[in-house]
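Undergrad: One structure, as structure tokens, below. Some questions next.
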Number of protein chains: 2
Amino acid sequence: MQFSSESVETLVEQFSRLPGIGRKTARRLAAFVLKQPKSDVVEMAEALIAVKEKVIFCSTCFNVADHDPCPVCLSDRRDGGVICVVEEASDLMAVERTGGFSGKYHVLGGAISPLDGIGPEDLKIKELIARVAAPGDGPVVREVILAVNPSVEGDTTAYYISQLLAPFEVQVTRLARGIPIGSDLEFTDEATLTRALEARVSV
Amino acid sequence: MQFSSESVETLVEQFSRLPGIGRKTARRLAAFVLKQPKSDVVEMAEALIAVKEKVIFCSTCFNVADHDPCPVCLSDRRDGGVICVVEEASDLMAVERTGGFSGKYHVLGGAISPLDGIGPEDLKIKELIARVAAPGDGPVVREVILAVNPSVEGDTTAYYISQLLAPFEVQVTRLARGIPIGSDLEFTDEATLTRALEARVSV
């Protein structure tokens with residue numbers, strides 16, 4: 001016996017399915033929920049269901065949104081001539097938080113990873129190519145920024161996409177790699193430092 | 001804008017209300033939920049609501065349970081003559097996990113903490129005294145183990161209860177304090193080490 005209530009056990013089970021939540025944390029969360037007023041808990045349950053019922057994917061950029069097209073695609077104050085390609089909607093958020101990008105996005109839904117059985121056809125790659133090939137009413141796409149993760153999977157995906165984009169008159173760029181701001185040279189890993197050396201710029 | 005979906009924002013908000021979950025983790029959890037099949041998410045929402053709808057507090061020991069009395073109070077294989085007093089149901093679980101206690105429990109629902117506005121009347125203290133004073137059909141209570149937390153609040157609560165139990169013919173005990181198993185003398189804090197010295201035992 002852990003908790004003497006099956007309902008609580010079930011909730012612990014559910015919490016521990018979340019990423020990064022172990023059994024101990026799950027028990028702490030369940031104990032917290034037990035102490036919360038019912039209305040608060042119902043609110044949380046409703047938020048969970050609403051996400052699955054209301055959230056759709058934008059048919060243009062595949063960002064998560066409540067309506068199609070998403071606010072970013074709909075906005076005419078953003079430059080449709082530059083598309084920032086990200087792996088996940090959470091990466092899009094990260095770029096948005098910088099406040100330094102005013103183009104549009106394209107969410108791939110992951111990265112090519114043969115080990116995990118994810119091939120190019122599982123991602124929204126052909127939809128990206130279509131956006132570049134036939135911009136429709138929008139402006140001609142001048143630049144595609146490949147803002148994929150600095151990993152083997154991200155590199156593979158970037159290479160694959162850049163090959164597909166080669167026939168088009170579009171500039172393909174990647175995020176700069178180097179030492180992160182606020183870090184310490186002494187504690188920077190070798191791979192990052194090597195890249196930073198290779199990509200050194202004149203001052 | 002963070003996520004371009006209000007539903008996702010609401011869920012992030014809800015997750016970040018949980019203890020120990022910051023905004024970053026909440027975003028990661030929301031992104032996970034977005035990728036989960038709807039049936040799994042509905043299951044989790046139902047588990048949350050079930051906890052508030054089904055879980056009651058045992059009218060004897062105030063443990064969380066699906067039925068009243070709780071399985072521990074109902075069991076006749078447990079010694080009703082020994083009551084282990086804990087602050088929270090999660091502490092009860094911790095004691096149960098040792099497998100070394102076969103008596104019954106009493107969950108106070110917290111500890112006396114004037115700073116947080118929690119007085120003795122907010123806890124199930126008089127119910128505990130009543131159990132000792134009038135055991136009803138059950139056996140006479142021979143021992144009350146105060147398994148409260150080793151904190152100022154726990155100490156206060158233990159002292160308060162022991163005073164109330166003084167008129168009764170019942171042994172009142174506390175958990176032993178000392179160096180935790182597997183720890184290192186060098187890194188043990190002074191308060192613990194002082195207690196361990198004071199409470200030294202002959203071998």
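For the structure tokens, the naming scheme is as follows: chains receive sequential letters (A, B, ...) according to their order of presentation, residues are indexed from 1 within each chain, and ligands are indexed from 1 in presentation order.
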Just want the 12 Å neighbourhood of Arg77 of chain A, counted on only C-alpha atoms, with same-chain residues fewer than 5 positions away dropped. Output as a compact mmCIF listing (two decimals) with C-alpha atoms, in the first residue's frame.
TA:
```txt
# COMPACT_ATOMS: atom_id res chain seq x y z
CA PRO A 71 -1.80 34.75 -35.59
CA VAL A 72 1.77 34.79 -36.98
CA PHE A 101 12.64 38.13 -35.54
CA SER A 102 9.80 39.59 -37.56
CA GLY A 103 9.46 37.03 -40.34
CA LYS A 104 7.24 33.99 -40.51
```
Undergrad: For the interface of chain B with chain A (cut-off 8 Å, counting only C-alpha atoms), please tabulate each contacting residue of chain B alongside its nearest pair of atoms and their separation in Å to one decimal, rows sorted by chain and increasing number, as a tab-separated table.
TA:
```
residue	atom	partner	partner_atom	distance
B:Met1	CA	A:Glu96	CA	7.4
B:Gln2	CA	A:Met93	CA	5.4
B:Phe3	CA	A:Met93	CA	6.0
B:Ser4	CA	A:Ala65	CA	5.3
B:Ser5	CA	A:Ala65	CA	4.3
B:Glu6	CA	A:Asp66	CA	6.8
B:Ser7	CA	A:Val51	CA	5.4
B:Val8	CA	A:Val51	CA	5.9
B:Thr10	CA	A:Ala47	CA	6.4
B:Leu11	CA	A:Ala47	CA	5.2
B:Gln14	CA	A:Met44	CA	5.7
B:Phe15	CA	A:Met44	CA	7.8
B:Leu18	CA	A:Leu29	CA	6.7
B:Pro19	CA	A:Leu29	CA	6.9
B:Arg27	CA	A:Ser90	CA	7.7
B:Arg28	CA	A:Ser90	CA	7.9
B:Leu29	CA	A:Leu18	CA	6.7
B:Ala31	CA	A:Ser90	CA	6.9
B:Phe32	CA	A:Pro19	CA	7.4
B:Val33	CA	A:Leu48	CA	7.8
B:Leu34	CA	A:Lys52	CA	6.8
B:Lys38	CA	A:Lys52	CA	6.0
B:Val41	CA	A:Leu48	CA	6.6
B:Val42	CA	A:Ile49	CA	6.1
B:Glu43	CA	A:Gln14	CA	7.9
B:Met44	CA	A:Gln14	CA	5.7
B:Ala45	CA	A:Ala45	CA	4.3
B:Glu46	CA	A:Ala45	CA	7.1
B:Ala47	CA	A:Leu11	CA	5.2
B:Leu48	CA	A:Leu11	CA	6.3
B:Ile49	CA	A:Val42	CA	6.1
B:Ala50	CA	A:Ser7	CA	6.2
B:Val51	CA	A:Ser7	CA	5.4
B:Lys52	CA	A:Lys38	CA	5.9
B:Lys54	CA	A:Ser7	CA	7.0
B:Val55	CA	A:Ser7	CA	6.8
B:Asn63	CA	A:Ser4	CA	7.7
B:Val64	CA	A:Ser5	CA	6.3
B:Ala65	CA	A:Ser5	CA	4.3
B:Asp66	CA	A:Ser5	CA	5.1
B:Cys70	CA	A:Ser4	CA	6.9
B:Pro71	CA	A:Ser4	CA	6.5
B:Val72	CA	A:Ser4	CA	7.7
B:Ala89	CA	A:Phe3	CA	7.7
B:Ser90	CA	A:Ala31	CA	6.9
B:Met93	CA	A:Gln2	CA	5.4
B:Glu96	CA	A:Gln2	CA	7.1
B:Arg97	CA	A:Gln2	CA	7.1
```
Undergrad: Put those residues in a file: N, CA and C atoms, as a CSV table (one decimal), in the first residue's frame.
TA:
```
chain,number,residue,atom,x,y,z
B,1,MET,N,3.6,37.5,-27.1
B,1,MET,CA,3.1,36.2,-27.5
B,1,MET,C,4.1,35.1,-27.0
B,2,GLN,N,3.6,34.1,-26.5
B,2,GLN,CA,4.4,32.9,-26.2
B,2,GLN,C,4.0,31.9,-27.2
B,3,PHE,N,3.1,31.0,-26.7
B,3,PHE,CA,2.4,30.1,-27.7
B,3,PHE,C,1.4,30.9,-28.4
B,4,SER,N,1.1,30.6,-29.6
B,4,SER,CA,0.1,31.4,-30.3
B,4,SER,C,-1.3,30.8,-30.1
B,5,SER,N,-1.4,30.0,-29.0
B,5,SER,CA,-2.7,29.4,-28.7
B,5,SER,C,-3.1,29.7,-27.2
B,6,GLU,N,-4.2,30.3,-27.0
B,6,GLU,CA,-4.6,30.7,-25.7
B,6,GLU,C,-4.8,29.4,-24.8
B,7,SER,N,-5.3,28.3,-25.4
B,7,SER,CA,-5.5,27.1,-24.7
B,7,SER,C,-4.2,26.6,-24.1
B,8,VAL,N,-3.2,26.7,-24.9
B,8,VAL,CA,-1.9,26.2,-24.5
B,8,VAL,C,-1.3,27.1,-23.4
B,10,THR,N,-3.1,28.7,-21.2
B,10,THR,CA,-3.9,28.4,-20.0
B,10,THR,C,-3.3,27.2,-19.4
B,11,LEU,N,-3.0,26.2,-20.2
B,11,LEU,CA,-2.4,25.0,-19.6
B,11,LEU,C,-1.1,25.2,-18.9
B,14,GLN,N,-1.7,26.7,-15.7
B,14,GLN,CA,-2.2,25.7,-14.7
B,14,GLN,C,-1.0,24.9,-14.2
B,15,PHE,N,-0.2,24.4,-15.1
B,15,PHE,CA,1.0,23.6,-14.7
B,15,PHE,C,1.9,24.3,-13.7
B,18,LEU,N,1.6,24.3,-9.9
B,18,LEU,CA,2.0,23.1,-9.1
B,18,LEU,C,3.3,23.4,-8.4
B,19,PRO,N,3.4,22.8,-7.2
B,19,PRO,CA,4.7,23.1,-6.5
B,19,PRO,C,5.9,22.6,-7.2
B,27,ARG,N,6.1,24.8,-19.6
B,27,ARG,CA,6.0,24.9,-21.0
B,27,ARG,C,6.4,23.5,-21.6
B,28,ARG,N,7.4,22.9,-21.0
B,28,ARG,CA,7.8,21.6,-21.5
B,28,ARG,C,6.7,20.5,-21.3
B,29,LEU,N,6.0,20.6,-20.2
B,29,LEU,CA,4.9,19.7,-19.9
B,29,LEU,C,3.8,19.9,-20.9
B,31,ALA,N,4.0,21.2,-23.9
B,31,ALA,CA,4.4,20.7,-25.2
B,31,ALA,C,4.2,19.2,-25.3
B,32,PHE,N,4.5,18.5,-24.1
B,32,PHE,CA,4.4,17.0,-24.1
B,32,PHE,C,2.9,16.6,-24.2
B,33,VAL,N,2.0,17.4,-23.5
B,33,VAL,CA,0.6,17.1,-23.6
B,33,VAL,C,0.1,17.3,-25.0
B,34,LEU,N,0.6,18.3,-25.7
B,34,LEU,CA,0.2,18.6,-27.1
B,34,LEU,C,0.4,17.3,-28.0
B,38,LYS,N,-5.2,12.0,-27.5
B,38,LYS,CA,-6.2,12.6,-26.7
B,38,LYS,C,-6.7,11.7,-25.6
B,41,VAL,N,-4.7,12.1,-22.5
B,41,VAL,CA,-4.9,13.4,-21.8
B,41,VAL,C,-6.2,13.4,-21.0
B,42,VAL,N,-7.2,12.8,-21.7
B,42,VAL,CA,-8.6,12.7,-21.0
B,42,VAL,C,-8.4,11.9,-19.7
B,43,GLU,N,-7.7,10.8,-19.8
B,43,GLU,CA,-7.4,9.9,-18.6
B,43,GLU,C,-6.9,10.7,-17.5
B,44,MET,N,-5.9,11.6,-17.8
B,44,MET,CA,-5.2,12.4,-16.8
B,44,MET,C,-6.2,13.4,-16.2
B,45,ALA,N,-7.0,14.0,-17.0
B,45,ALA,CA,-8.0,15.0,-16.6
B,45,ALA,C,-9.0,14.3,-15.7
B,46,GLU,N,-9.4,13.1,-16.0
B,46,GLU,CA,-10.4,12.3,-15.2
B,46,GLU,C,-9.8,11.9,-13.9
B,47,ALA,N,-8.5,11.6,-13.9
B,47,ALA,CA,-7.8,11.2,-12.6
B,47,ALA,C,-7.8,12.4,-11.7
B,48,LEU,N,-7.6,13.6,-12.2
B,48,LEU,CA,-7.6,14.8,-11.4
B,48,LEU,C,-8.9,15.0,-10.7
B,49,ILE,N,-10.0,14.9,-11.6
B,49,ILE,CA,-11.3,15.2,-11.0
B,49,ILE,C,-11.7,14.1,-10.1
B,50,ALA,N,-11.4,12.8,-10.4
B,50,ALA,CA,-11.7,11.7,-9.5
B,50,ALA,C,-11.2,11.9,-8.1
B,51,VAL,N,-10.0,12.4,-8.1
B,51,VAL,CA,-9.3,12.6,-6.7
B,51,VAL,C,-10.2,13.5,-5.9
B,52,LYS,N,-10.7,14.6,-6.5
B,52,LYS,CA,-11.5,15.5,-5.8
B,52,LYS,C,-12.9,15.0,-5.5
B,54,LYS,N,-13.9,11.5,-5.5
B,54,LYS,CA,-14.0,10.2,-4.8
B,54,LYS,C,-13.3,10.2,-3.4
B,55,VAL,N,-12.1,10.9,-3.4
B,55,VAL,CA,-11.3,10.8,-2.2
B,55,VAL,C,-12.0,11.5,-1.0
B,63,ASN,N,-6.9,9.9,7.3
B,63,ASN,CA,-6.1,9.5,6.2
B,63,ASN,C,-7.0,9.7,4.9
B,64,VAL,N,-6.3,9.9,3.8
B,64,VAL,CA,-7.1,9.9,2.5
B,64,VAL,C,-7.5,8.5,2.1
B,65,ALA,N,-8.7,8.4,1.7
B,65,ALA,CA,-9.2,7.0,1.3
B,65,ALA,C,-10.4,7.1,0.4
B,66,ASP,N,-10.7,6.0,-0.3
B,66,ASP,CA,-11.9,6.0,-1.2
B,66,ASP,C,-13.1,5.7,-0.4
B,70,CYS,N,-11.0,4.0,6.5
B,70,CYS,CA,-9.9,3.6,5.5
B,70,CYS,C,-9.4,2.2,5.8
B,71,PRO,N,-8.7,1.6,4.8
B,71,PRO,CA,-8.3,0.2,4.9
B,71,PRO,C,-7.4,0.0,6.2
B,72,VAL,N,-6.7,1.0,6.6
B,72,VAL,CA,-5.8,0.8,7.8
B,72,VAL,C,-6.7,0.7,9.0
B,89,ALA,N,-0.9,12.9,5.1
B,89,ALA,CA,-1.1,11.6,4.6
B,89,ALA,C,0.2,11.1,3.9
B,90,SER,N,1.0,12.0,3.3
B,90,SER,CA,2.2,11.6,2.6
B,90,SER,C,3.2,11.1,3.6
B,93,MET,N,2.3,7.5,4.4
B,93,MET,CA,2.9,6.7,3.3
B,93,MET,C,4.3,6.4,3.5
B,96,GLU,N,4.6,3.8,6.2
B,96,GLU,CA,4.1,2.5,5.6
B,96,GLU,C,5.2,1.9,4.8
B,97,ARG,N,5.9,2.7,4.0
B,97,ARG,CA,6.9,2.1,3.1
B,97,ARG,C,8.0,1.4,3.9
```
Undergrad: What's around Val201 of chain B at 12 Å? Count only C-alpha atoms, leave out sequence neighbours fewer than 2 positions away in its own chain, and write the answer as a list in words.
TA: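 Residues near the query, excluding close chain neighbours: Ala176, Arg177, Gly178, Arg195, Ala196, Leu197, Glu198, Ala199 and Val203 of chain B.
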Undergrad: Quick one: distance from atom CA of Arg78 of chain A to atom CA of Pro135 of chain A in Å, one decimal?
TA: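 Between atom CA of Arg78 of chain A and atom CA of Pro135 of chain A the gap works out to 14.9 Å.
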Undergrad: Quick one: pull the distance between atom CA of Lys124 of chain A and atom CA of Ala166 of chain A, Å, one decimal.
TA: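 Result for atom CA of Lys124 of chain A versus atom CA of Ala166 of chain A: 17.7 Å, one decimal.
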Undergrad: List every residue of chain B that DSSP, applied to the backbone of this structure, places in strand (DSSP E or B), and write the result as a PyMOL selection string.
TA: chain B and resi 56-57+64-65+79-86+103-107+113+118+143-146+171-174
Undergrad: Within 7 Å of segment 81-84 of chain B, counting only C-alpha atoms, which residues qualify if same-chain residues fewer than 5 places away don't, as a PyMOL selection string?
TA: chain B and resi 103-106+139-147
Undergrad: Restricting it to C-alpha atoms, dump the selection as a PDB file, in the first residue's frame.
TA:
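Final output, saved to again.pdb:
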```pdb
ATOM      1  CA  GLY B 103      -0.251  -0.071  14.438  1.00  0.00           C
ATOM      2  CA  LYS B 104      -2.815   2.512  13.384  1.00  0.00           C
ATOM      3  CA  TYR B 105      -2.407   6.143  12.354  1.00  0.00           C
ATOM      4  CA  HIS B 106      -3.737   9.613  13.002  1.00  0.00           C
ATOM      5  CA  PRO B 139      -8.346  -1.802  22.307  1.00  0.00           C
ATOM      6  CA  VAL B 140      -7.018   0.640  24.917  1.00  0.00           C
ATOM      7  CA  VAL B 141      -4.377   2.916  23.377  1.00  0.00           C
ATOM      8  CA  ARG B 142      -1.057   2.039  25.037  1.00  0.00           C
ATOM      9  CA  GLU B 143       1.274   4.211  22.992  1.00  0.00           C
ATOM     10  CA  VAL B 144       1.124   7.350  20.864  1.00  0.00           C
ATOM     11  CA  ILE B 145       4.128   7.798  18.550  1.00  0.00           C
ATOM     12  CA  LEU B 146       4.540  11.439  17.516  1.00  0.00           C
ATOM     13  CA  ALA B 147       6.021  11.041  14.037  1.00  0.00           C
TER      14      ALA B 147
END
```
Undergrad: Just list as a ChimeraX atom specification whatever in chain B DSSP marks as alpha helix (DSSP H).
TA: /B:6-15,23-35,38-54,71-74,89-98,125-133,152-165,190-198
Undergrad: Find the distance between atom CA of Gly154 of chain B and atom CA of Leu185 of chain B and write it in Å to one decimal.
TA: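 Separating atom CA of Gly154 of chain B from atom CA of Leu185 of chain B is a distance of 24.6 Å.
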Undergrad: Just the residues within 8 Å of segment 155-162 of chain B, please, counting only C-alpha atoms, with nothing from its chain fewer than 3 positions along; format it as a PyMOL selection string.
TA: chain B and resi 111-112+120+125+146+148-152+165-166+172
